[in-house]
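J.: This is the structure I want to talk about, given as structure tokens.
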Amino acid sequence: WAKVKAMTATAASLLPLFATAHVTTRPNLPIAPRVSQFISMQSVAAPEPTLIPGLSASDFQHPEDKRASQLLKTFFAPVELALRGAFSALVEDALFMDNIASGVLVGPRQLPELHQALLRSCKLLSIETAPDLYIRQSPYPNAYTVAVQGRRPFVVVTTSLLDLLSPTEVQAVIAHELGHLKCEHSLAIAMANLVLSPLASVSPVADAALQSRLLRWQRAAELSCDRAALLAVGDVRAVQAVTMKLCGGSKAYGKSMDVEAFVEQAAQYDEVADGSRLGRLVRQSQQREATHPLPIYRVRELQRYSDSGEYATLRARGRPLGEGTGGGAAPVAPQPVVA
């Protein structure tokens, strides 16, 4: 029993290391477990997503996210191997037991609509093995994952989030979390934390500068996953609406909300922020320690990406979902684990 308690404590101490990448909160708001938050909205005549054969994470990653991820994997491969081993041995089973004991596991017979949304998103993002999807009771509209492609990958969505969003928006949230899994953001940022941790005592100034860069990377990682959501639902307004509704949406008034008006708030913000030294200082303080971009910047960045030649070129590589037979095999759902 003492050994079991020691292993549980070790798993608990390691979890924050892996959860850093996509467990997040809205800026400056004291809400429940930090979770990867992001928004989607009702769609109007949205284009259908396309199935892009051989889609890789680097195809849609934000440039800052891509550079940082490639740098770490190139120069710190032994650290990556050690972290994978630690996660598999000490964290993965504990997370599975918590989710299976306290959540509802989605499947063909349990909430089949959500199961189909999961499989569809996996197919569109070229994820071969679908993670477990759990629904957990919470008054906070959130979704999260530990973004490591281990033996038991998972995504958790809360009941409040399901109540707040439309089905298309829920799929966008699921796809956003799948983006974290495909990019393995938790593993990459855990590697960065381990590499940087000795600097705290050796050179606090250098450590502070690198931590600032790490936070910039985390914000870029969120932009990458918003792009993944766009690839999965094909509707930029639906993805932007998730962010909008998490900022100020309600079940009663959700259908009256205007995404374009929300996107326009970014220009109003910049007008004040750029207009004075105080405005610039306030903007810096709002972003300095944030793990997510400001919501208005986030929706504007996604708009720019959806209008870009980069996105058009990527879509041109694909074909309508369901057309043809090659490269379109459905992802394999995880098999039940029998103890």
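All residue names refer to the structure tokens as shown: chains lettered A, B, ... in order, residues numbered from 1 in each chain, ligands numbered from 1 in order.
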Just list the residues in region 60-190 of chain A DSSP gives strand (DSSP E or B) on the backbone, as an MDAnalysis selection string.
T.: chainID A and resid 104:105 129 132:136 143:144 154:158
J.: Do a neighbour search on region 65-73 of chain A at 6 Å with only C-alpha atoms, toss out local chain neighbours closer than 5 positions, and write the hits as a VMD selection string.
T.: chain A and resid 217 220 to 221
J.: Mind dumping a table of every region 119-218 of chain A residue within 9 Å of region 249-262 of chain A, with the nearest atom pair and its distance in Å to one decimal, using only C-alpha atoms, sorted by chain and rising number, as JSON lines?
T.:
```
{"residue": "A:Asp163", "atom": "CA", "partner": "A:Lys251", "partner_atom": "CA", "distance": 6.8}
{"residue": "A:Leu164", "atom": "CA", "partner": "A:Lys251", "partner_atom": "CA", "distance": 5.3}
{"residue": "A:Leu165", "atom": "CA", "partner": "A:Lys251", "partner_atom": "CA", "distance": 7.9}
```
J.: Among region 79-229 of chain A, which residues carry a DSSP assignment of alpha helix (DSSP H), reported as an NGL selection string?
T.: :A and (79-86 or 92-102 or 112-124 or 159-164 or 167-183 or 185-196 or 199-202 or 204-229)
J.: Write out as an mmCIF file with N, CA and C atoms, in the first residue's frame each polymer residue whose atoms come within 12 Å of Ser285 (chain A), counting only C-alpha atoms; drop sequence neighbours fewer than 4 positions from it.
T.:
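In the end it all went to around.cif:
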```
data_model
loop_
_atom_site.group_PDB
_atom_site.id
_atom_site.type_symbol
_atom_site.label_atom_id
_atom_site.label_comp_id
_atom_site.auth_asym_id
_atom_site.auth_seq_id
_atom_site.Cartn_x
_atom_site.Cartn_y
_atom_site.Cartn_z
ATOM 1 N N PRO A 27 -7.754 34.511 -19.926
ATOM 2 C CA PRO A 27 -6.840 35.450 -19.271
ATOM 3 C C PRO A 27 -7.473 36.137 -18.066
ATOM 4 N N ASN A 28 -6.737 36.131 -16.947
ATOM 5 C CA ASN A 28 -7.082 36.908 -15.757
ATOM 6 C C ASN A 28 -8.394 36.505 -15.084
ATOM 7 N N ALA A 273 -4.934 50.632 -27.573
ATOM 8 C CA ALA A 273 -3.623 50.127 -27.143
ATOM 9 C C ALA A 273 -2.482 50.855 -27.846
ATOM 10 N N LEU A 278 0.383 54.323 -22.011
ATOM 11 C CA LEU A 278 -0.357 53.529 -21.035
ATOM 12 C C LEU A 278 -1.063 52.356 -21.717
ATOM 13 N N GLY A 279 -1.642 52.615 -22.900
ATOM 14 C CA GLY A 279 -2.313 51.549 -23.628
ATOM 15 C C GLY A 279 -1.363 50.432 -23.995
ATOM 16 N N ARG A 280 -0.163 50.796 -24.413
ATOM 17 C CA ARG A 280 0.831 49.778 -24.770
ATOM 18 C C ARG A 280 1.263 48.981 -23.555
ATOM 19 N N LEU A 281 1.401 49.652 -22.410
ATOM 20 C CA LEU A 281 1.784 48.951 -21.184
ATOM 21 C C LEU A 281 0.691 47.990 -20.732
ATOM 22 N N GLU A 289 2.084 37.062 -19.183
ATOM 23 C CA GLU A 289 2.105 35.730 -18.577
ATOM 24 C C GLU A 289 0.955 34.852 -19.058
ATOM 25 N N ALA A 290 0.329 35.237 -20.152
ATOM 26 C CA ALA A 290 -0.812 34.474 -20.661
ATOM 27 C C ALA A 290 -0.342 33.261 -21.448
ATOM 28 N N LEU A 294 -4.854 36.722 -26.514
ATOM 29 C CA LEU A 294 -6.090 37.437 -26.215
ATOM 30 C C LEU A 294 -7.179 36.952 -27.173
#
```
J.: Please list as a PDB file with N, CA and C atoms, in the first residue's frame every residue within 12 Å of region 113-115 of chain A, counting only C-alpha atoms and excluding residues in the same chain fewer than 2 positions away.
T.:
```pdb
ATOM      1  N   VAL A 104     -17.993  10.107 -18.336  1.00  0.00           N
ATOM      2  CA  VAL A 104     -18.785   9.244 -19.218  1.00  0.00           C
ATOM      3  C   VAL A 104     -17.975   9.035 -20.493  1.00  0.00           C
ATOM      4  N   LEU A 105     -17.635   7.779 -20.778  1.00  0.00           N
ATOM      5  CA  LEU A 105     -16.838   7.444 -21.952  1.00  0.00           C
ATOM      6  C   LEU A 105     -17.742   7.384 -23.181  1.00  0.00           C
ATOM      7  N   VAL A 106     -17.463   8.245 -24.151  1.00  0.00           N
ATOM      8  CA  VAL A 106     -18.259   8.307 -25.375  1.00  0.00           C
ATOM      9  C   VAL A 106     -17.908   7.126 -26.276  1.00  0.00           C
ATOM     10  N   GLY A 107     -18.927   6.548 -26.915  1.00  0.00           N
ATOM     11  CA  GLY A 107     -18.697   5.422 -27.817  1.00  0.00           C
ATOM     12  C   GLY A 107     -19.866   5.235 -28.756  1.00  0.00           C
ATOM     13  N   PRO A 108     -19.876   4.156 -29.537  1.00  0.00           N
ATOM     14  CA  PRO A 108     -20.965   3.924 -30.492  1.00  0.00           C
ATOM     15  C   PRO A 108     -22.340   3.861 -29.841  1.00  0.00           C
ATOM     16  N   ARG A 109     -22.404   3.415 -28.584  1.00  0.00           N
ATOM     17  CA  ARG A 109     -23.702   3.323 -27.895  1.00  0.00           C
ATOM     18  C   ARG A 109     -23.910   4.452 -26.897  1.00  0.00           C
ATOM     19  N   GLN A 110     -22.846   5.123 -26.530  1.00  0.00           N
ATOM     20  CA  GLN A 110     -22.926   6.201 -25.539  1.00  0.00           C
ATOM     21  C   GLN A 110     -22.655   7.531 -26.223  1.00  0.00           C
ATOM     22  N   LEU A 111     -23.705   8.351 -26.363  1.00  0.00           N
ATOM     23  CA  LEU A 111     -23.594   9.631 -27.060  1.00  0.00           C
ATOM     24  C   LEU A 111     -22.992   9.439 -28.457  1.00  0.00           C
ATOM     25  N   ALA A 117     -18.568  12.627 -34.286  1.00  0.00           N
ATOM     26  CA  ALA A 117     -17.824  13.881 -34.439  1.00  0.00           C
ATOM     27  C   ALA A 117     -16.341  13.658 -34.174  1.00  0.00           C
ATOM     28  N   LEU A 118     -16.040  12.829 -33.183  1.00  0.00           N
ATOM     29  CA  LEU A 118     -14.644  12.501 -32.867  1.00  0.00           C
ATOM     30  C   LEU A 118     -13.991  11.764 -34.036  1.00  0.00           C
ATOM     31  N   LEU A 119     -14.653  10.722 -34.545  1.00  0.00           N
ATOM     32  CA  LEU A 119     -14.069   9.929 -35.625  1.00  0.00           C
ATOM     33  C   LEU A 119     -13.908  10.766 -36.898  1.00  0.00           C
ATOM     34  N   ARG A 120     -14.878  11.608 -37.173  1.00  0.00           N
ATOM     35  CA  ARG A 120     -14.806  12.470 -38.357  1.00  0.00           C
ATOM     36  C   ARG A 120     -13.620  13.428 -38.248  1.00  0.00           C
ATOM     37  N   SER A 121     -13.441  14.024 -37.080  1.00  0.00           N
ATOM     38  CA  SER A 121     -12.324  14.951 -36.888  1.00  0.00           C
ATOM     39  C   SER A 121     -10.988  14.227 -36.996  1.00  0.00           C
ATOM     40  N   CYS A 122     -10.909  13.026 -36.433  1.00  0.00           N
ATOM     41  CA  CYS A 122      -9.668  12.242 -36.532  1.00  0.00           C
ATOM     42  C   CYS A 122      -9.338  11.943 -37.989  1.00  0.00           C
ATOM     43  N   ALA A 130      -8.172   6.940 -32.775  1.00  0.00           N
ATOM     44  CA  ALA A 130      -8.977   7.940 -32.072  1.00  0.00           C
ATOM     45  C   ALA A 130      -8.737   7.838 -30.566  1.00  0.00           C
ATOM     46  N   PRO A 131      -8.562   8.980 -29.886  1.00  0.00           N
ATOM     47  CA  PRO A 131      -8.416   8.945 -28.432  1.00  0.00           C
ATOM     48  C   PRO A 131      -9.761   8.669 -27.769  1.00  0.00           C
ATOM     49  N   ASP A 132      -9.733   8.316 -26.494  1.00  0.00           N
ATOM     50  CA  ASP A 132     -10.961   8.252 -25.711  1.00  0.00           C
ATOM     51  C   ASP A 132     -11.529   9.665 -25.580  1.00  0.00           C
ATOM     52  N   LEU A 133     -12.848   9.767 -25.604  1.00  0.00           N
ATOM     53  CA  LEU A 133     -13.516  11.040 -25.363  1.00  0.00           C
ATOM     54  C   LEU A 133     -14.407  10.882 -24.143  1.00  0.00           C
ATOM     55  N   TYR A 134     -14.180  11.711 -23.130  1.00  0.00           N
ATOM     56  CA  TYR A 134     -14.945  11.661 -21.884  1.00  0.00           C
ATOM     57  C   TYR A 134     -15.750  12.941 -21.713  1.00  0.00           C
ATOM     58  N   ILE A 135     -16.949  12.790 -21.182  1.00  0.00           N
ATOM     59  CA  ILE A 135     -17.753  13.937 -20.783  1.00  0.00           C
ATOM     60  C   ILE A 135     -17.756  13.975 -19.262  1.00  0.00           C
ATOM     61  N   VAL A 155      -9.447  12.939 -24.624  1.00  0.00           N
ATOM     62  CA  VAL A 155      -9.952  14.311 -24.643  1.00  0.00           C
ATOM     63  C   VAL A 155     -11.104  14.355 -23.652  1.00  0.00           C
ATOM     64  N   VAL A 156     -11.175  15.411 -22.856  1.00  0.00           N
ATOM     65  CA  VAL A 156     -12.279  15.613 -21.923  1.00  0.00           C
ATOM     66  C   VAL A 156     -13.027  16.881 -22.314  1.00  0.00           C
ATOM     67  N   VAL A 157     -14.353  16.783 -22.361  1.00  0.00           N
ATOM     68  CA  VAL A 157     -15.221  17.929 -22.615  1.00  0.00           C
ATOM     69  C   VAL A 157     -16.212  18.017 -21.463  1.00  0.00           C
ATOM     70  N   LEU A 162     -20.856  21.599 -23.644  1.00  0.00           N
ATOM     71  CA  LEU A 162     -21.858  21.012 -24.539  1.00  0.00           C
ATOM     72  C   LEU A 162     -23.141  21.838 -24.537  1.00  0.00           C
ATOM     73  N   SER A 166     -23.110  24.818 -30.278  1.00  0.00           N
ATOM     74  CA  SER A 166     -23.837  24.025 -31.266  1.00  0.00           C
ATOM     75  C   SER A 166     -23.035  22.766 -31.582  1.00  0.00           C
ATOM     76  N   PRO A 167     -23.641  21.757 -32.249  1.00  0.00           N
ATOM     77  CA  PRO A 167     -22.892  20.545 -32.597  1.00  0.00           C
ATOM     78  C   PRO A 167     -21.633  20.815 -33.424  1.00  0.00           C
ATOM     79  N   THR A 168     -21.718  21.738 -34.376  1.00  0.00           N
ATOM     80  CA  THR A 168     -20.537  22.057 -35.192  1.00  0.00           C
ATOM     81  C   THR A 168     -19.449  22.687 -34.328  1.00  0.00           C
ATOM     82  N   GLU A 169     -19.841  23.526 -33.413  1.00  0.00           N
ATOM     83  CA  GLU A 169     -18.871  24.162 -32.523  1.00  0.00           C
ATOM     84  C   GLU A 169     -18.236  23.157 -31.581  1.00  0.00           C
ATOM     85  N   VAL A 170     -19.024  22.197 -31.121  1.00  0.00           N
ATOM     86  CA  VAL A 170     -18.467  21.139 -30.269  1.00  0.00           C
ATOM     87  C   VAL A 170     -17.431  20.342 -31.053  1.00  0.00           C
ATOM     88  N   GLN A 171     -17.728  20.047 -32.319  1.00  0.00           N
ATOM     89  CA  GLN A 171     -16.747  19.338 -33.134  1.00  0.00           C
ATOM     90  C   GLN A 171     -15.477  20.167 -33.291  1.00  0.00           C
ATOM     91  N   ALA A 172     -15.627  21.479 -33.414  1.00  0.00           N
ATOM     92  CA  ALA A 172     -14.455  22.345 -33.519  1.00  0.00           C
ATOM     93  C   ALA A 172     -13.604  22.268 -32.253  1.00  0.00           C
ATOM     94  N   VAL A 173     -14.253  22.209 -31.093  1.00  0.00           N
ATOM     95  CA  VAL A 173     -13.518  22.072 -29.830  1.00  0.00           C
ATOM     96  C   VAL A 173     -12.771  20.742 -29.793  1.00  0.00           C
ATOM     97  N   ILE A 174     -13.460  19.666 -30.164  1.00  0.00           N
ATOM     98  CA  ILE A 174     -12.814  18.350 -30.188  1.00  0.00           C
ATOM     99  C   ILE A 174     -11.607  18.374 -31.124  1.00  0.00           C
ATOM    100  N   ALA A 175     -11.778  18.979 -32.307  1.00  0.00           N
ATOM    101  CA  ALA A 175     -10.681  19.044 -33.268  1.00  0.00           C
ATOM    102  C   ALA A 175      -9.528  19.894 -32.746  1.00  0.00           C
ATOM    103  N   PRO A 331     -10.414   6.248 -38.683  1.00  0.00           N
ATOM    104  CA  PRO A 331      -9.495   5.977 -37.580  1.00  0.00           C
ATOM    105  C   PRO A 331     -10.008   4.837 -36.724  1.00  0.00           C
ATOM    106  N   VAL A 332      -9.072   4.149 -36.130  1.00  0.00           N
ATOM    107  CA  VAL A 332      -9.412   3.009 -35.281  1.00  0.00           C
ATOM    108  C   VAL A 332      -9.711   3.516 -33.874  1.00  0.00           C
ATOM    109  N   ALA A 333     -10.881   3.208 -33.371  1.00  0.00           N
ATOM    110  CA  ALA A 333     -11.201   3.583 -31.998  1.00  0.00           C
ATOM    111  C   ALA A 333     -10.392   2.732 -31.039  1.00  0.00           C
ATOM    112  N   PRO A 334      -9.962   3.285 -29.899  1.00  0.00           N
ATOM    113  CA  PRO A 334      -9.167   2.516 -28.955  1.00  0.00           C
ATOM    114  C   PRO A 334      -9.945   1.337 -28.402  1.00  0.00           C
TER     115      PRO A 334
END
```
J.: Between CA of Leu230 (chain A) and CA of Ile296 (chain A), what is the distance, to one decimal in Å?
T.: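 A separation of 16.7 Å between them.
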J.: Please determine, counting only C-alpha atoms, which residue among A:Leu321, A:Arg237, A:Leu223, A:Gln116 has the shortest atom-to-atom distance to Thr291 (chain A).
T.: A:Leu223
J.: Give the answer as one residue: which of A:Arg319, A:Arg219, A:Arg277, A:His180 has the shortest atom-to-atom distance to Tyr297 (chain A), using only C-alpha atoms?
T.: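 The answer is A:Arg219, which sits nearest to Tyr297 (chain A).
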J.: Please determine, counting only C-alpha atoms, which residue among A:Asp98, A:Glu92, A:Asp226, A:Asp235 has the shortest atom-to-atom distance to Glu48 (chain A).
T.: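 Result for the nearest residue to Glu48 (chain A): A:Asp235.
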J.: Can you tell me how far CA of Ile189 (chain A) sits from CA of Val146 (chain A), in Å to one decimal?
T.: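 About the pair CA of Ile189 (chain A) and CA of Val146 (chain A): they are 11.3 Å apart.
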J.: Using Å and a single decimal, report how far CA of His185 (chain A) sits from CA of Leu81 (chain A).
T.: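 Calculated distance between CA of Leu81 (chain A) and CA of His185 (chain A) is 14.8 Å.
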